[in-house]
Structure formats: C-alpha cells, structure tokens
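Engineer: Structure file input-v7.cif, mmCIF, C-alpha atoms, is pasted below:
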data_run
loop_
_atom_site.label_atom_id
_atom_site.label_comp_id
_atom_site.auth_asym_id
_atom_site.auth_seq_id
_atom_site.Cartn_x
_atom_site.Cartn_y
_atom_site.Cartn_z
CA MET A 1442 122.71 84.71 82.91
CA GLN A 1443 119.77 86.62 81.49
CA PHE A 1444 116.11 86.75 82.45
CA GLU A 1445 113.11 88.59 81.08
CA PHE A 1446 109.68 89.13 82.64
CA ASP A 1447 106.50 90.77 81.37
CA ILE A 1448 104.73 92.96 83.93
CA GLN A 1449 101.06 93.90 83.61
CA GLY A 1450 99.88 97.32 84.78
CA GLY A 1451 97.23 97.11 87.49
CA ASP A 1452 97.83 93.43 88.26
CA PHE A 1453 98.48 93.74 92.00
CA SER A 1454 97.96 90.06 92.75
CA SER A 1455 101.04 89.17 90.69
CA ALA A 1456 103.18 92.20 91.63
CA GLY A 1457 106.45 90.93 93.07
CA LYS A 1458 106.48 87.59 91.26
CA ALA A 1459 109.41 88.52 89.01
CA SER A 1460 111.38 89.98 91.95
CA SER A 1461 110.70 86.83 93.94
CA ASP A 1462 112.03 84.60 91.15
CA ILE A 1463 115.24 86.64 90.87
CA LYS A 1464 115.72 86.68 94.64
CA LYS A 1465 115.54 82.87 94.66
CA VAL A 1466 118.17 82.64 91.90
CA LEU A 1467 120.51 84.99 93.80
CA LYS A 1468 120.12 82.94 97.00
CA GLN A 1469 120.98 79.77 95.11
CA LEU A 1470 124.13 81.45 93.81
CA ASN A 1471 125.23 82.06 97.44
CA ILE A 1472 125.50 85.82 97.05
CA ASP A 1473 125.89 87.74 100.34
CA PRO A 1474 122.38 87.88 101.92
CA LYS A 1475 122.75 91.64 102.61
CA ILE A 1476 123.35 92.29 98.91
CA VAL A 1477 120.50 89.93 97.95
CA ARG A 1478 118.17 91.92 100.20
CA ARG A 1479 119.24 95.24 98.61
CA ILE A 1480 118.64 93.87 95.11
CA ALA A 1481 115.30 92.31 96.10
CA VAL A 1482 114.01 95.56 97.62
CA ALA A 1483 115.06 97.62 94.58
CA LEU A 1484 113.55 95.08 92.16
CA TYR A 1485 110.31 94.88 94.08
CA GLU A 1486 109.85 98.65 94.37
CA ALA A 1487 110.55 98.94 90.63
CA GLU A 1488 108.11 96.15 89.77
CA VAL A 1489 105.39 97.71 91.97
CA ASN A 1490 106.01 101.05 90.22
CA VAL A 1491 105.26 99.49 86.82
CA VAL A 1492 102.12 97.76 88.17
CA ALA A 1493 101.00 100.97 89.89
CA HIS A 1494 101.67 103.50 87.12
CA ALA A 1495 102.12 101.86 83.70
CA TYR A 1496 99.94 99.93 81.24
CA LYS A 1497 102.58 97.26 80.79
CA GLY A 1498 106.30 96.76 81.07
CA VAL A 1499 109.28 94.45 80.68
CA MET A 1500 111.95 93.66 83.27
CA LYS A 1501 115.30 92.49 81.89
CA VAL A 1502 117.92 91.08 84.24
CA ASP A 1503 121.54 90.53 83.32
CA LEU A 1504 123.65 88.70 85.86
CA ASP A 1505 127.38 87.89 85.89
CA ALA A 1506 129.98 87.04 88.55
CA GLN A 1507 130.56 90.68 89.52
CA LYS A 1508 127.20 92.41 89.25
CA ILE A 1509 123.50 92.41 88.43
CA LYS A 1510 122.08 94.90 85.95
CA ILE A 1511 118.34 95.45 85.67
CA VAL A 1512 116.38 97.41 83.07
CA LEU A 1513 112.64 98.08 83.35
CA GLU A 1514 110.92 99.65 80.38
CA ASP A 1515 107.24 100.48 80.48
CA GLU A 1516 104.50 101.93 78.32
CA GLY A 1517 102.48 104.41 80.31
CA PRO A 1518 101.98 108.03 81.29
CA GLY A 1519 105.71 108.56 81.96
CA ILE A 1520 107.13 110.98 84.51
CA GLU A 1521 106.84 114.70 83.90
CA ASN A 1522 109.45 115.88 86.37
CA ILE A 1523 112.07 113.28 87.32
CA GLU A 1524 113.76 115.51 89.90
CA LYS A 1525 110.45 115.87 91.71
CA ALA A 1526 109.69 112.14 91.42
CA MET A 1527 112.99 111.36 93.15
CA GLN A 1528 112.03 113.47 96.19
CA GLU A 1529 110.91 111.46 99.18
CA GLY A 1530 107.18 111.96 99.76
CA PHE A 1531 106.26 112.98 96.22
CA SER A 1532 103.75 110.62 94.61
CA THR A 1533 101.09 110.54 91.90
CA ALA A 1534 99.71 107.15 93.03
CA THR A 1535 96.00 106.38 93.04
CA ASP A 1536 93.98 105.47 96.12
CA GLU A 1537 94.05 101.82 95.03
CA VAL A 1538 97.86 101.84 95.14
CA ARG A 1539 97.82 103.49 98.57
CA GLN A 1540 95.45 100.83 99.85
CA MET A 1541 98.08 98.25 98.93
CA GLY A 1542 100.57 99.95 101.26
CA PHE A 1543 102.48 101.85 98.57
CA GLY A 1544 102.23 105.27 96.94
CA ALA A 1545 103.89 107.26 99.71
CA GLY A 1546 106.62 108.58 97.43
CA MET A 1547 109.32 106.33 98.82
CA GLY A 1548 109.79 103.82 96.01
CA LEU A 1549 112.32 105.64 93.82
CA PRO A 1550 114.39 106.90 96.80
CA ASN A 1551 114.37 103.31 98.14
CA ILE A 1552 115.69 102.05 94.80
CA LYS A 1553 118.44 104.69 94.75
CA ARG A 1554 119.47 103.87 98.33
CA ASN A 1555 119.83 100.16 97.58
CA THR A 1556 121.70 100.29 94.28
CA ASP A 1557 125.21 101.29 93.17
CA GLU A 1558 124.07 103.02 89.98
CA MET A 1559 120.62 104.15 88.89
CA LEU A 1560 119.44 105.91 85.76
CA LEU A 1561 115.84 107.03 85.25
CA THR A 1562 114.59 108.48 81.96
CA SER A 1563 111.06 109.13 80.81
CA VAL A 1564 109.00 110.52 77.95
CA PRO A 1565 105.62 111.86 79.12
CA ASP A 1566 102.66 110.00 77.55
CA GLN A 1567 104.99 107.28 76.25
CA GLY A 1568 106.79 105.55 79.07
CA THR A 1569 109.63 105.25 81.51
CA ARG A 1570 112.98 103.45 81.51
CA LEU A 1571 114.69 102.60 84.77
CA GLU A 1572 118.14 101.04 84.82
CA PHE A 1573 120.06 100.06 87.92
CA MET A 1574 123.09 98.04 88.89
CA VAL A 1575 124.35 96.40 92.08
CA ARG A 1576 127.90 95.01 92.47
CA PHE A 1577 128.42 91.77 94.41
CA MET B 1055 111.67 84.69 121.53
CA GLU B 1056 109.86 81.68 120.11
CA LEU B 1057 106.77 81.95 117.95
CA SER B 1058 104.49 80.26 120.50
CA ARG B 1059 105.52 82.79 123.19
CA VAL B 1060 104.92 85.72 120.81
CA SER B 1061 101.47 84.36 119.99
CA GLN B 1062 100.64 83.82 123.65
CA LEU B 1063 101.66 87.41 124.54
CA VAL B 1064 99.34 88.92 121.91
CA LYS B 1065 96.45 86.49 122.53
CA GLY B 1066 97.05 85.31 118.99
CA ASN B 1067 96.22 82.41 116.77
CA ILE B 1068 99.06 80.87 114.76
CA VAL B 1069 97.59 80.63 111.26
CA TYR B 1070 100.79 79.33 109.68
CA GLU B 1071 103.96 78.12 111.37
CA SER B 1072 107.09 77.99 109.24
CA GLU B 1073 109.07 74.75 109.14
CA ILE B 1074 112.11 76.79 110.17
CA SER B 1075 111.22 77.94 113.72
CA PRO B 1076 112.00 81.65 113.95
CA GLN B 1077 113.88 83.19 116.88
CA LEU B 1078 112.40 86.68 117.05
CA GLU B 1079 114.19 89.66 118.58
CA PHE B 1080 112.83 92.76 116.85
CA ALA B 1081 109.52 94.18 115.65
CA PHE B 1082 108.34 96.90 113.29
CA SER B 1083 104.74 98.17 113.17
CA SER B 1084 103.51 99.66 109.90
CA ASP B 1085 100.81 99.62 107.26
CA LEU B 1086 103.14 101.33 104.79
CA MET B 1087 105.06 98.71 102.85
CA SER B 1088 107.64 101.11 101.41
CA ASP B 1089 108.53 102.01 105.00
CA VAL B 1090 109.03 98.33 105.82
CA LEU B 1091 111.32 97.98 102.79
CA ARG B 1092 113.65 100.70 104.10
CA PHE B 1093 115.17 98.74 106.96
CA HIS B 1094 117.11 95.56 107.64
CA MET B 1095 114.63 93.11 109.06
CA GLU B 1096 116.52 90.08 110.36
CA LYS B 1097 114.80 88.16 113.20
CA THR B 1098 111.94 90.60 112.92
CA ILE B 1099 108.17 90.54 113.40
CA LEU B 1100 106.07 92.78 111.15
CA ILE B 1101 102.98 94.00 113.01
CA THR B 1102 100.41 95.35 110.57
CA GLY B 1103 96.76 95.95 109.81
CA LEU B 1104 97.34 95.64 106.07
CA SER B 1105 96.26 92.18 105.01
CA THR B 1106 97.11 91.71 101.33
CA VAL B 1107 99.30 89.48 99.18
CA GLN B 1108 101.68 92.45 98.94
CA THR B 1109 102.22 92.33 102.71
CA LEU B 1110 103.61 88.81 102.22
CA ARG B 1111 105.70 89.88 99.21
CA THR B 1112 107.13 92.78 101.22
CA ALA B 1113 108.01 90.40 104.07
CA GLU B 1114 109.66 88.07 101.57
CA MET B 1115 111.85 90.83 100.10
CA SER B 1116 112.82 92.13 103.56
CA ASN B 1117 113.61 88.71 105.09
CA ILE B 1118 110.87 89.13 107.71
CA GLU B 1119 110.19 85.85 109.48
CA CYS B 1120 106.86 86.53 111.20
CA ILE B 1121 103.81 88.71 110.53
CA ILE B 1122 101.17 89.57 113.12
CA PHE B 1123 97.89 90.77 111.62
CA ALA B 1124 96.16 92.98 114.18
CA ARG B 1125 92.40 93.38 114.72
CA ASP B 1126 91.60 89.93 113.29
CA LYS B 1127 92.35 90.80 109.69
CA LYS B 1128 91.46 88.00 107.28
CA VAL B 1129 94.31 85.89 105.89
CA THR B 1130 93.59 84.36 102.48
CA ASP B 1131 94.79 81.02 101.06
CA ASP B 1132 97.02 82.94 98.59
CA MET B 1133 98.74 84.63 101.50
CA ILE B 1134 99.30 81.34 103.35
CA GLU B 1135 100.72 79.81 100.17
CA LEU B 1136 103.26 82.63 99.88
CA ALA B 1137 104.06 82.35 103.60
CA ALA B 1138 104.81 78.64 103.19
CA GLU B 1139 106.95 79.26 100.10
CA ASN B 1140 109.07 81.80 101.96
CA ASN B 1141 109.17 80.44 105.54
CA ILE B 1142 107.12 83.27 107.04
CA SER B 1143 105.01 82.48 110.11
CA ILE B 1144 101.63 84.19 110.47
CA ILE B 1145 99.74 85.10 113.64
CA THR B 1146 96.34 86.81 113.81
CA THR B 1147 95.05 88.57 116.90
CA PRO B 1148 91.93 90.51 117.89
CA LEU B 1149 94.14 93.13 119.60
CA THR B 1150 94.93 96.50 118.01
CA LEU B 1151 98.29 97.36 116.45
CA PHE B 1152 98.95 99.60 119.46
CA GLU B 1153 98.30 96.91 122.04
CA VAL B 1154 100.25 94.23 120.16
CA SER B 1155 103.24 96.59 119.95
CA GLY B 1156 103.00 97.49 123.64
CA ARG B 1157 102.77 93.90 124.82
CA LEU B 1158 105.77 92.77 122.78
CA TYR B 1159 107.86 95.83 123.73
CA THR B 1160 107.30 95.36 127.46
CA ASN B 1161 108.32 91.71 127.10
CA GLY B 1162 111.69 92.45 125.56
CA ILE B 1163 111.11 92.63 121.80
CA LYS B 1164 113.23 95.52 120.53
CA PRO B 1165 112.41 98.21 117.97
CA ILE B 1166 114.13 97.91 114.61
CA PHE B 1167 115.06 101.55 114.17
#
What do you get writing this file as structure tokens?

Structural biologist:
Amino acid sequence: MQFEFDIQGGDFSSAGKASSDIKKVLKQLNIDPKIVRRIAVALYEAEVNVVAHAYKGVMKVDLDAQKIKIVLEDEGPGIENIEKAMQEGFSTATDEVRQMGFGAGMGLPNIKRNTDEMLLTSVPDQGTRLEFMVRF
Amino acid sequence: MELSRVSQLVKGNIVYESEISPQLEFAFSSDLMSDVLRFHMEKTILITGLSTVQTLRTAEMSNIECIIFARDKKVTDDMIELAAENNISIITTPLTLFEVSGRLYTNGIKPIF
C-alpha cells in the first residue's frame, strides 16, 4: 500500500492531517496500538518539521505486512549540521513555531526514539530528506 | 475517574464529551507539545494552557482521551471538530494549570512519568 501527501510550509492549521490519515489506516489494519502510536508520533513530528522549517514537502508512505517506510523530502533551507540538529534541545525554530508548542529541539530525537531505522540527509539552501522505518 | 468527576474537581465546563466515556487515571501538564509526544498517554488527561488545533493533533497522536484547558482558554469550532473525530473530551476551567494539577493529584489522579 502506498500513499503520498503534499505538505505546505507554514500551514500550521493543516499540520498533522497526513499523519492523522495514516494513523487511521494503521488502526483499521489492526496493528498493535503501541506500534501505531510510535509511528503516529514520528510521522507527526516529521510533518511539523516540514511545516515549521521548509517551503514545501512531500511525504511518501510505503506499507506492507511487515513494516512501514516513510520518506519526507522538502525544499527549504536544509540543515547545516545534522549532528547538532539531532541533539536534544537544539533548535532553529521561529517564535511562531514555539507558540504552537514546538521548536524545543525535541522533534528529531523523538523521531529517532520511536523508529527502528532513521536516515537524515540535507543540502543547505536546497532541502532535507528524512527516511524512517518501523517494523510491525 | 469519570469525566464528570474530573470536571467537578476543577470547577470546569465540559465543552465536548466523547461518545466513548473515558476512564481517566493519569495526567500530564505541559504547554510543550513535543514533551507530550514523548510519553505513553493511555487513560490520560492533558492539562495545558496552549489552545490551538495542534494541541488536539498532539492529543490524537498520543492517544490522549481528555484535555483540560486552564485559565479559560478559548476553544474554537475547528478544535471541537477534531475532538469529535478522535474521541477526545474537552474541559475548560478558569483555574490555573497549577491549581488544576494540584486538585487532580490530591484526588488520586497519578502522574504519567
């Protein structure tokens, strides 16, 4: 099963819509609720990251009987230092993002904690690619 | 604890009651949504002063069944729509986050962490 969603940078009112749709699909497939929660949290943090930092992005979801694989690719400022970005507490978020309850530098560590594999690559001034996988 | 009892303890107003009546045992107080997303939140009340659509989305992703908005924060129609879609009950109260937390704690609601 494959799904694709467009994500608009700065559109906070819709942030989480794609994650919500995927969570509903996973629940319908009777996947262990603890695993569904892990996937939902990782998806949502990743979706909020695109809304908060990029101009636009695409979320691609590939689902089979054993696992879910998600790729988010965005066009935006990219990440200069990935090692630093993975540190808890490090953030480049704007005040607007912080007012929404995010931007405390916990998103990427939260994604890592909830997934079985995670790969983050970025080209400054071009964009970022985040790939992660969770086994059922 | 039932929703009506929770609301009574915090002098609250039930703005939306889910069709699935929640049995609430735990609570977590935070305005930081990434912090909320860190923990397992079964049978849990989120007590917050952050009243946005993203508060509802965060509750949805974390399986939170009830949100208490402290200090009479405004709840919009969009938020109630999301609450209904995801079986999340909403209470508003004029009390502060501190007092809501204290009242629930002394009446047996347990911390999540």

Engineer: Take CA of Lys1508 in chain A and CA of Gly1548 in chain A and report the distance between them in Å, one decimal.

Structural biologist: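 That distance, rounded to one decimal, is 21.9 Å.
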
Engineer: Based on all atoms listed in the file, which of the residues in chain A come within 7 Å of chain B? I want them as a PyMOL selection string.

Structural biologist: chain A and resi 1454+1457+1478+1481-1482+1541-1543+1547-1548+1551

Engineer: Identify, on the basis of all atoms listed in the file, every residue whose closest approach to Met1559 in chain A does not exceed 12 Å; exclude the query and any residue fewer than 2 positions from it along the same chain; express the result as a list of chain:residue names.

Structural biologist: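 What passes the distance filter is A:Ala1483, A:Leu1484, A:Ala1487, A:Lys1510, A:Ile1511, A:Val1512, A:Leu1513, A:Met1527, A:Leu1549, A:Pro1550, A:Asn1551, A:Ile1552, A:Lys1553, A:Arg1554, A:Asn1555, A:Thr1556, A:Asp1557, A:Leu1561, A:Thr1562, A:Arg1570, A:Leu1571, A:Glu1572, A:Phe1573, A:Met1574, A:Val1575.
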
Engineer: Hey, can you spit out that residue selection with C-alpha atoms as an mmCIF file, in the coordinates of the input?

Structural biologist:
data_model
loop_
_atom_site.group_PDB
_atom_site.id
_atom_site.type_symbol
_atom_site.label_atom_id
_atom_site.label_comp_id
_atom_site.auth_asym_id
_atom_site.auth_seq_id
_atom_site.Cartn_x
_atom_site.Cartn_y
_atom_site.Cartn_z
ATOM 1 C CA ALA A 1483 115.060 97.620 94.580
ATOM 2 C CA LEU A 1484 113.550 95.080 92.160
ATOM 3 C CA ALA A 1487 110.550 98.940 90.630
ATOM 4 C CA LYS A 1510 122.080 94.900 85.950
ATOM 5 C CA ILE A 1511 118.340 95.450 85.670
ATOM 6 C CA VAL A 1512 116.380 97.410 83.070
ATOM 7 C CA LEU A 1513 112.640 98.080 83.350
ATOM 8 C CA MET A 1527 112.990 111.360 93.150
ATOM 9 C CA LEU A 1549 112.320 105.640 93.820
ATOM 10 C CA PRO A 1550 114.390 106.900 96.800
ATOM 11 C CA ASN A 1551 114.370 103.310 98.140
ATOM 12 C CA ILE A 1552 115.690 102.050 94.800
ATOM 13 C CA LYS A 1553 118.440 104.690 94.750
ATOM 14 C CA ARG A 1554 119.470 103.870 98.330
ATOM 15 C CA ASN A 1555 119.830 100.160 97.580
ATOM 16 C CA THR A 1556 121.700 100.290 94.280
ATOM 17 C CA ASP A 1557 125.210 101.290 93.170
ATOM 18 C CA LEU A 1561 115.840 107.030 85.250
ATOM 19 C CA THR A 1562 114.590 108.480 81.960
ATOM 20 C CA ARG A 1570 112.980 103.450 81.510
ATOM 21 C CA LEU A 1571 114.690 102.600 84.770
ATOM 22 C CA GLU A 1572 118.140 101.040 84.820
ATOM 23 C CA PHE A 1573 120.060 100.060 87.920
ATOM 24 C CA MET A 1574 123.090 98.040 88.890
ATOM 25 C CA VAL A 1575 124.350 96.400 92.080
#

Engineer: I need the residue nearest Ala1459 in chain A from this list: A:Val1489, A:Ile1523, A:Ala1506, A:Ile1472. Use all atoms listed in the file for the distance.

Structural biologist: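 The answer is A:Val1489, which sits nearest to Ala1459 in chain A.
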
Engineer: Give me the result of the PyMOL selection byres ((chain A and resi 1567) around 10) on this file, residue by residue, as a ChimeraX atom specification.

Structural biologist: /A:1495,1515-1520,1563-1566,1568-1569

Engineer: Could you give me, as a list in words, the residues within 10 Å of Ile1099 in chain B, counting all atoms listed in the file and dropping anything in the same chain fewer than 4 positions from it?

Structural biologist: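 What passes the distance filter is Leu1057, Val1060, Pro1076, Gln1077, Leu1078, Glu1079, Phe1080, Ala1081, Phe1082, Ser1083, Met1095, Ala1113, Ile1118, Glu1119, Cys1120, Ile1121, Ile1122, Ile1142, Ser1143, Ile1144, Leu1158, Ile1163, Pro1165 and Ile1166 of chain B.
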
Engineer: Starting from the point (98.0, 80.3, 110.8), work out which residues of protein, DNA or RNA have an atom no more than 10 Å away when counting all atoms listed in the file; state them as a PyMOL selection string.

Structural biologist: chain B and resi 1066-1072+1129+1134+1137+1143-1146

Engineer: Around range 1540-1549 of chain A, with edges along x, y and z and 6 Å added on all six sides, what centre and edge lengths do you get, in Å to one decimal, as lines of an AutoDock Vina configuration file?

Structural biologist:
center_x = 103.9
center_y = 103.4
center_z = 97.5
size_x = 28.9
size_y = 22.3
size_z = 19.4

Engineer: Mind telling me what the PyMOL selection byres ((chain A and resi 1505) around 10) catches here, as a list in words?

Structural biologist: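 Written out, the selection comes to Met1442, Gln1443, Asp1503, Leu1504, Ala1506, Gln1507, Lys1508, Ile1509, Lys1510, Arg1576 and Phe1577 of chain A.
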
Engineer: Just to confirm, what's the straight-line distance from CA of Phe1167 in chain B to CA of Asn1490 in chain A in Å (one decimal)?

Structural biologist: 25.6 Å

Engineer: Written as JSON, numbers by chain, which residues does the PyMOL selection byres ((chain A and resi 1497) around 9) give for the file shown?

Structural biologist: {"A": [1447, 1448, 1449, 1450, 1451, 1491, 1492, 1494, 1495, 1496, 1498, 1499, 1514, 1515, 1516, 1517]}

Engineer: By how many Å are CA of Ser1460 in chain A and CA of Gln1528 in chain A apart?

Structural biologist: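 Between CA of Ser1460 in chain A and CA of Gln1528 in chain A the gap is 23.9 Å.
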